[in-house]
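What follows is a single structure, written as structure tokens, with notes after it.
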Amino acid sequence: MASKLLRAVILGPPGSGKGTVCQRIAENFGLQHLSSGHFLRENIKANTGFPRTLVQAEALDKICDLDLVITLNIPFETLKDRLSRRWIHPPSGRVYNLDFNPPHVHGIDDITGEPLVQQEDDKPEAVAARLRQYKDVAKPVIELYKSRGVLHQFSGTETNKIWPYVYTLFSNKITPIQSKEAY
């Protein structure tokens, strides 16, 4: 029996919870999570990321048809706070937030004991510029998917409050392998 292939894209500004939502989708529905942010950080000098621009979204259309696109709408102040409190473990990509997902020991990765770093673009002085840039670049991408009828928008300040709606949307497309109640 062949398994159903579901092609979805999660859009949102930096710090909106895309990684958390994608991880939960992968765990609950047995899907593969491919992070453009991870690839972007590896290729930052090449100025890539997919689909972050209208041209890239149109190129993706030539490769495959998307089943759904989710955009996470989070207030500016919430994003600013999240990003300025975010620390990462570069080798693994693990993300910590000093407010709601702190490491057991400040500045140290829970699993490897290696140091955590704050990315230059997560520092408070860079956050506002990143958010403005995202808004300018993402607007036409969001409009494209909206016009195609595959866009689903979720708004809020907490991923845990947005997640049940995302779970329900995916449940209508593919059978879950795990209950959302785990969160």
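Just remember, in the structure tokens the first chain shown is A, the second B, etc., residues are 1-based per chain, and ligands are 1-based in the order shown.
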Spatial neighbours of Tyr167 (chain A), max dist 8 Å, only C-alpha atoms, sep filter under 3 positions, as a list in words:
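In the requested format, the answer is Ile25, Trp163, Pro164, Phe170, Ser171 and Lys180 of chain A.
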Prev. selection, N, CA, C and O atoms, output as a PDB file, in the first residue's frame:
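So result29.pdb came out as:
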ATOM      1  N   ILE A  25       4.625  18.605  13.377  1.00  0.00           N
ATOM      2  CA  ILE A  25       4.001  17.980  12.206  1.00  0.00           C
ATOM      3  C   ILE A  25       4.725  16.679  11.879  1.00  0.00           C
ATOM      4  O   ILE A  25       4.096  15.638  11.661  1.00  0.00           O
ATOM      5  N   TRP A 163      -0.930  25.585  17.598  1.00  0.00           N
ATOM      6  CA  TRP A 163      -0.728  24.191  17.213  1.00  0.00           C
ATOM      7  C   TRP A 163      -2.019  23.393  17.036  1.00  0.00           C
ATOM      8  O   TRP A 163      -2.138  22.667  16.031  1.00  0.00           O
ATOM      9  N   PRO A 164      -3.006  23.444  17.928  1.00  0.00           N
ATOM     10  CA  PRO A 164      -4.213  22.623  17.716  1.00  0.00           C
ATOM     11  C   PRO A 164      -4.908  22.899  16.385  1.00  0.00           C
ATOM     12  O   PRO A 164      -5.465  21.985  15.768  1.00  0.00           O
ATOM     13  N   PHE A 170      -3.946  19.554   9.295  1.00  0.00           N
ATOM     14  CA  PHE A 170      -3.205  18.409   8.771  1.00  0.00           C
ATOM     15  C   PHE A 170      -4.000  17.121   8.911  1.00  0.00           C
ATOM     16  O   PHE A 170      -3.924  16.252   8.043  1.00  0.00           O
ATOM     17  N   SER A 171      -4.755  16.980   9.998  1.00  0.00           N
ATOM     18  CA  SER A 171      -5.564  15.779  10.210  1.00  0.00           C
ATOM     19  C   SER A 171      -6.597  15.593   9.111  1.00  0.00           C
ATOM     20  O   SER A 171      -7.003  14.472   8.817  1.00  0.00           O
ATOM     21  N   LYS A 180      -2.135  14.911  19.145  1.00  0.00           N
ATOM     22  CA  LYS A 180      -1.661  16.257  19.482  1.00  0.00           C
ATOM     23  C   LYS A 180      -1.659  16.500  20.983  1.00  0.00           C
ATOM     24  O   LYS A 180      -1.051  17.417  21.466  1.00  0.00           O
TER      25      LYS A 180
END
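Within 9 Å of Gly107 (chain A), once only C-alpha atoms are used and residues closer than 3 positions along the same chain are dropped, the contacting residues are Trp87, Pro103, His104, Glu114, Pro115, Leu116 and Val117 of chain A.
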Write a file of the just-selected residues containing N, CA, C and O atoms, as a short mmCIF file (atom, residue, chain, number, x, y, z; two decimals), in the first residue's frame.
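Dumped to again_31.cif:
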data_model
loop_
_atom_site.label_atom_id
_atom_site.label_comp_id
_atom_site.auth_asym_id
_atom_site.auth_seq_id
_atom_site.Cartn_x
_atom_site.Cartn_y
_atom_site.Cartn_z
N TRP A 87 18.95 31.41 21.58
CA TRP A 87 20.34 30.93 21.51
C TRP A 87 20.32 29.58 20.80
O TRP A 87 19.37 28.82 20.96
N PRO A 103 18.15 26.37 28.31
CA PRO A 103 19.01 25.20 28.55
C PRO A 103 19.10 24.96 30.06
O PRO A 103 18.86 25.87 30.86
N HIS A 104 19.43 23.73 30.43
CA HIS A 104 19.55 23.41 31.86
C HIS A 104 20.64 24.25 32.52
O HIS A 104 20.50 24.68 33.67
N GLU A 114 28.27 21.52 24.80
CA GLU A 114 29.00 22.52 24.04
C GLU A 114 28.36 23.89 24.21
O GLU A 114 27.18 24.00 24.57
N PRO A 115 29.11 24.96 23.93
CA PRO A 115 28.56 26.30 24.11
C PRO A 115 27.46 26.64 23.10
O PRO A 115 27.50 26.20 21.95
N LEU A 116 26.50 27.43 23.56
CA LEU A 116 25.46 27.98 22.70
C LEU A 116 25.90 29.35 22.23
O LEU A 116 26.71 30.00 22.88
N VAL A 117 25.36 29.78 21.08
CA VAL A 117 25.69 31.10 20.57
C VAL A 117 24.41 31.84 20.20
O VAL A 117 23.38 31.23 19.91
#
Using Å and a single decimal, report how far CA of Ser155 (chain A) sits from CA of Val127 (chain A).
19.9 Å
Surrounding residues of Thr159 (chain A) excluding itself and chain neighbours under 3 positions, 9 Å, only C-alpha atoms, as JSON, numbers by chain:
{"A": [16, 17, 18, 20, 21, 156, 162, 163]}
Could you dump the residues just selected with N, CA and C atoms as an mmCIF file, in the first residue's frame?
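Writing done, so here's result_15.cif:
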data_model
loop_
_atom_site.group_PDB
_atom_site.id
_atom_site.type_symbol
_atom_site.label_atom_id
_atom_site.label_comp_id
_atom_site.auth_asym_id
_atom_site.auth_seq_id
_atom_site.Cartn_x
_atom_site.Cartn_y
_atom_site.Cartn_z
ATOM 1 N N SER A 16 8.899 32.996 14.455
ATOM 2 C CA SER A 16 7.450 32.785 14.521
ATOM 3 C C SER A 16 7.054 31.397 15.011
ATOM 4 N N GLY A 17 8.023 30.491 15.100
ATOM 5 C CA GLY A 17 7.706 29.139 15.567
ATOM 6 C C GLY A 17 7.628 28.111 14.449
ATOM 7 N N LYS A 18 8.136 28.451 13.267
ATOM 8 C CA LYS A 18 8.094 27.515 12.140
ATOM 9 C C LYS A 18 8.773 26.197 12.496
ATOM 10 N N THR A 20 9.308 24.798 15.414
ATOM 11 C CA THR A 20 8.521 24.041 16.398
ATOM 12 C C THR A 20 7.314 23.396 15.737
ATOM 13 N N VAL A 21 6.604 24.156 14.912
ATOM 14 C CA VAL A 21 5.421 23.623 14.221
ATOM 15 C C VAL A 21 5.835 22.479 13.299
ATOM 16 N N GLY A 156 -1.377 34.419 16.378
ATOM 17 C CA GLY A 156 -1.323 34.273 17.825
ATOM 18 C C GLY A 156 0.038 34.669 18.353
ATOM 19 N N ILE A 162 -1.536 27.996 18.797
ATOM 20 C CA ILE A 162 -1.729 27.875 17.354
ATOM 21 C C ILE A 162 -1.744 26.400 16.936
ATOM 22 N N TRP A 163 -0.930 25.585 17.598
ATOM 23 C CA TRP A 163 -0.728 24.191 17.213
ATOM 24 C C TRP A 163 -2.019 23.393 17.036
#
So what do you get for CA of Asn172 (chain A) versus CA of Ile10 (chain A), distance-wise?
16.7 Å
Determine, counting only C-alpha atoms, which protein, DNA and RNA residues have an atom within 10 Å of an atom of Leu151 (chain A); residues of the same chain fewer than 4 positions away are not included. Present the result as a list of chain:residue names.
A:Ala8, A:Val9, A:Ile10, A:Leu11, A:Leu66, A:Asp67, A:Leu68, A:Val69, A:Ile70, A:Thr71, A:Ile142, A:Glu143, A:Leu144, A:Tyr145, A:Lys146, A:Ser147
May I have the residues from that selection written out with all heavy atoms, as a short mmCIF file (atom, residue, chain, number, x, y, z; two decimals), in the first residue's frame?
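The new file selection32.cif reads:
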data_model
loop_
_atom_site.label_atom_id
_atom_site.label_comp_id
_atom_site.auth_asym_id
_atom_site.auth_seq_id
_atom_site.Cartn_x
_atom_site.Cartn_y
_atom_site.Cartn_z
N ALA A 8 3.79 20.41 1.86
CA ALA A 8 3.34 21.61 2.58
C ALA A 8 4.53 22.52 2.82
O ALA A 8 5.67 22.07 2.95
CB ALA A 8 2.71 21.22 3.91
N VAL A 9 4.23 23.81 2.87
CA VAL A 9 5.24 24.82 3.19
C VAL A 9 4.73 25.62 4.37
O VAL A 9 3.55 25.99 4.41
CB VAL A 9 5.50 25.75 1.97
CG1 VAL A 9 6.36 26.94 2.37
CG2 VAL A 9 6.14 24.99 0.83
N ILE A 10 5.60 25.87 5.33
CA ILE A 10 5.26 26.69 6.49
C ILE A 10 6.03 28.00 6.34
O ILE A 10 7.26 28.00 6.28
CB ILE A 10 5.66 26.01 7.82
CG1 ILE A 10 5.21 24.56 7.88
CG2 ILE A 10 5.14 26.84 9.00
CD1 ILE A 10 3.74 24.32 7.79
N LEU A 11 5.30 29.10 6.25
CA LEU A 11 5.90 30.42 6.13
C LEU A 11 5.71 31.20 7.42
O LEU A 11 4.72 31.01 8.12
CB LEU A 11 5.23 31.21 4.98
CG LEU A 11 5.29 30.60 3.59
CD1 LEU A 11 4.42 31.42 2.63
CD2 LEU A 11 6.71 30.54 3.10
N LEU A 66 1.92 22.14 -4.42
CA LEU A 66 1.79 22.11 -2.96
C LEU A 66 0.36 21.79 -2.57
O LEU A 66 -0.59 22.27 -3.20
CB LEU A 66 2.20 23.46 -2.36
CG LEU A 66 3.67 23.82 -2.51
CD1 LEU A 66 3.92 25.23 -1.98
CD2 LEU A 66 4.56 22.83 -1.79
N ASP A 67 0.21 20.97 -1.53
CA ASP A 67 -1.11 20.63 -1.01
C ASP A 67 -1.63 21.73 -0.10
O ASP A 67 -2.82 22.00 -0.06
CB ASP A 67 -1.06 19.31 -0.25
CG ASP A 67 -0.67 18.16 -1.15
OD1 ASP A 67 -1.42 17.90 -2.11
OD2 ASP A 67 0.39 17.55 -0.92
N LEU A 68 -0.72 22.33 0.67
CA LEU A 68 -1.11 23.43 1.53
C LEU A 68 0.08 24.26 1.93
O LEU A 68 1.20 23.80 1.94
CB LEU A 68 -1.90 22.95 2.76
CG LEU A 68 -1.29 21.94 3.71
CD1 LEU A 68 -0.53 22.63 4.81
CD2 LEU A 68 -2.39 21.11 4.31
N VAL A 69 -0.22 25.52 2.23
CA VAL A 69 0.78 26.47 2.69
C VAL A 69 0.22 27.11 3.95
O VAL A 69 -0.93 27.56 3.96
CB VAL A 69 1.08 27.54 1.63
CG1 VAL A 69 2.05 28.58 2.17
CG2 VAL A 69 1.64 26.90 0.36
N ILE A 70 1.02 27.12 4.98
CA ILE A 70 0.62 27.74 6.24
C ILE A 70 1.48 28.97 6.46
O ILE A 70 2.70 28.93 6.25
CB ILE A 70 0.81 26.76 7.41
CG1 ILE A 70 -0.20 25.63 7.31
CG2 ILE A 70 0.70 27.48 8.75
CD1 ILE A 70 0.03 24.54 8.31
N THR A 71 0.86 30.05 6.87
CA THR A 71 1.64 31.22 7.28
C THR A 71 1.31 31.52 8.74
O THR A 71 0.15 31.47 9.14
CB THR A 71 1.41 32.45 6.36
OG1 THR A 71 2.27 33.50 6.77
CG2 THR A 71 -0.01 32.92 6.39
N ILE A 142 2.96 35.17 -0.14
CA ILE A 142 1.70 34.88 0.55
C ILE A 142 0.52 35.14 -0.37
O ILE A 142 -0.42 34.33 -0.45
CB ILE A 142 1.62 35.68 1.87
CG1 ILE A 142 2.66 35.14 2.86
CG2 ILE A 142 0.22 35.65 2.45
CD1 ILE A 142 2.90 36.02 4.07
N GLU A 143 0.56 36.24 -1.09
CA GLU A 143 -0.53 36.56 -2.03
C GLU A 143 -0.65 35.51 -3.14
O GLU A 143 -1.75 35.16 -3.55
CB GLU A 143 -0.33 37.96 -2.64
CG GLU A 143 -0.55 39.08 -1.64
CD GLU A 143 -1.94 39.07 -1.02
OE1 GLU A 143 -2.94 38.85 -1.73
OE2 GLU A 143 -2.03 39.29 0.22
N LEU A 144 0.47 35.00 -3.62
CA LEU A 144 0.46 33.96 -4.65
C LEU A 144 -0.28 32.72 -4.15
O LEU A 144 -1.18 32.20 -4.81
CB LEU A 144 1.89 33.58 -5.05
CG LEU A 144 2.01 32.36 -5.97
CD1 LEU A 144 1.53 32.70 -7.37
CD2 LEU A 144 3.45 31.86 -5.99
N TYR A 145 0.10 32.25 -2.97
CA TYR A 145 -0.53 31.04 -2.43
C TYR A 145 -1.99 31.29 -2.04
O TYR A 145 -2.82 30.39 -2.16
CB TYR A 145 0.28 30.48 -1.27
CG TYR A 145 1.61 29.92 -1.72
CD1 TYR A 145 2.80 30.30 -1.12
CD2 TYR A 145 1.69 29.01 -2.77
CE1 TYR A 145 4.03 29.79 -1.54
CE2 TYR A 145 2.90 28.49 -3.20
CZ TYR A 145 4.06 28.89 -2.58
OH TYR A 145 5.26 28.38 -3.01
N LYS A 146 -2.30 32.49 -1.61
CA LYS A 146 -3.69 32.85 -1.30
C LYS A 146 -4.53 32.77 -2.57
O LYS A 146 -5.63 32.21 -2.56
CB LYS A 146 -3.73 34.26 -0.70
CG LYS A 146 -5.08 34.66 -0.17
CD LYS A 146 -4.97 36.04 0.49
CE LYS A 146 -6.26 36.44 1.16
NZ LYS A 146 -6.13 37.75 1.81
N SER A 147 -4.01 33.30 -3.67
CA SER A 147 -4.75 33.28 -4.94
C SER A 147 -4.95 31.87 -5.47
O SER A 147 -5.89 31.60 -6.21
CB SER A 147 -4.04 34.14 -5.99
OG SER A 147 -2.86 33.50 -6.46
#
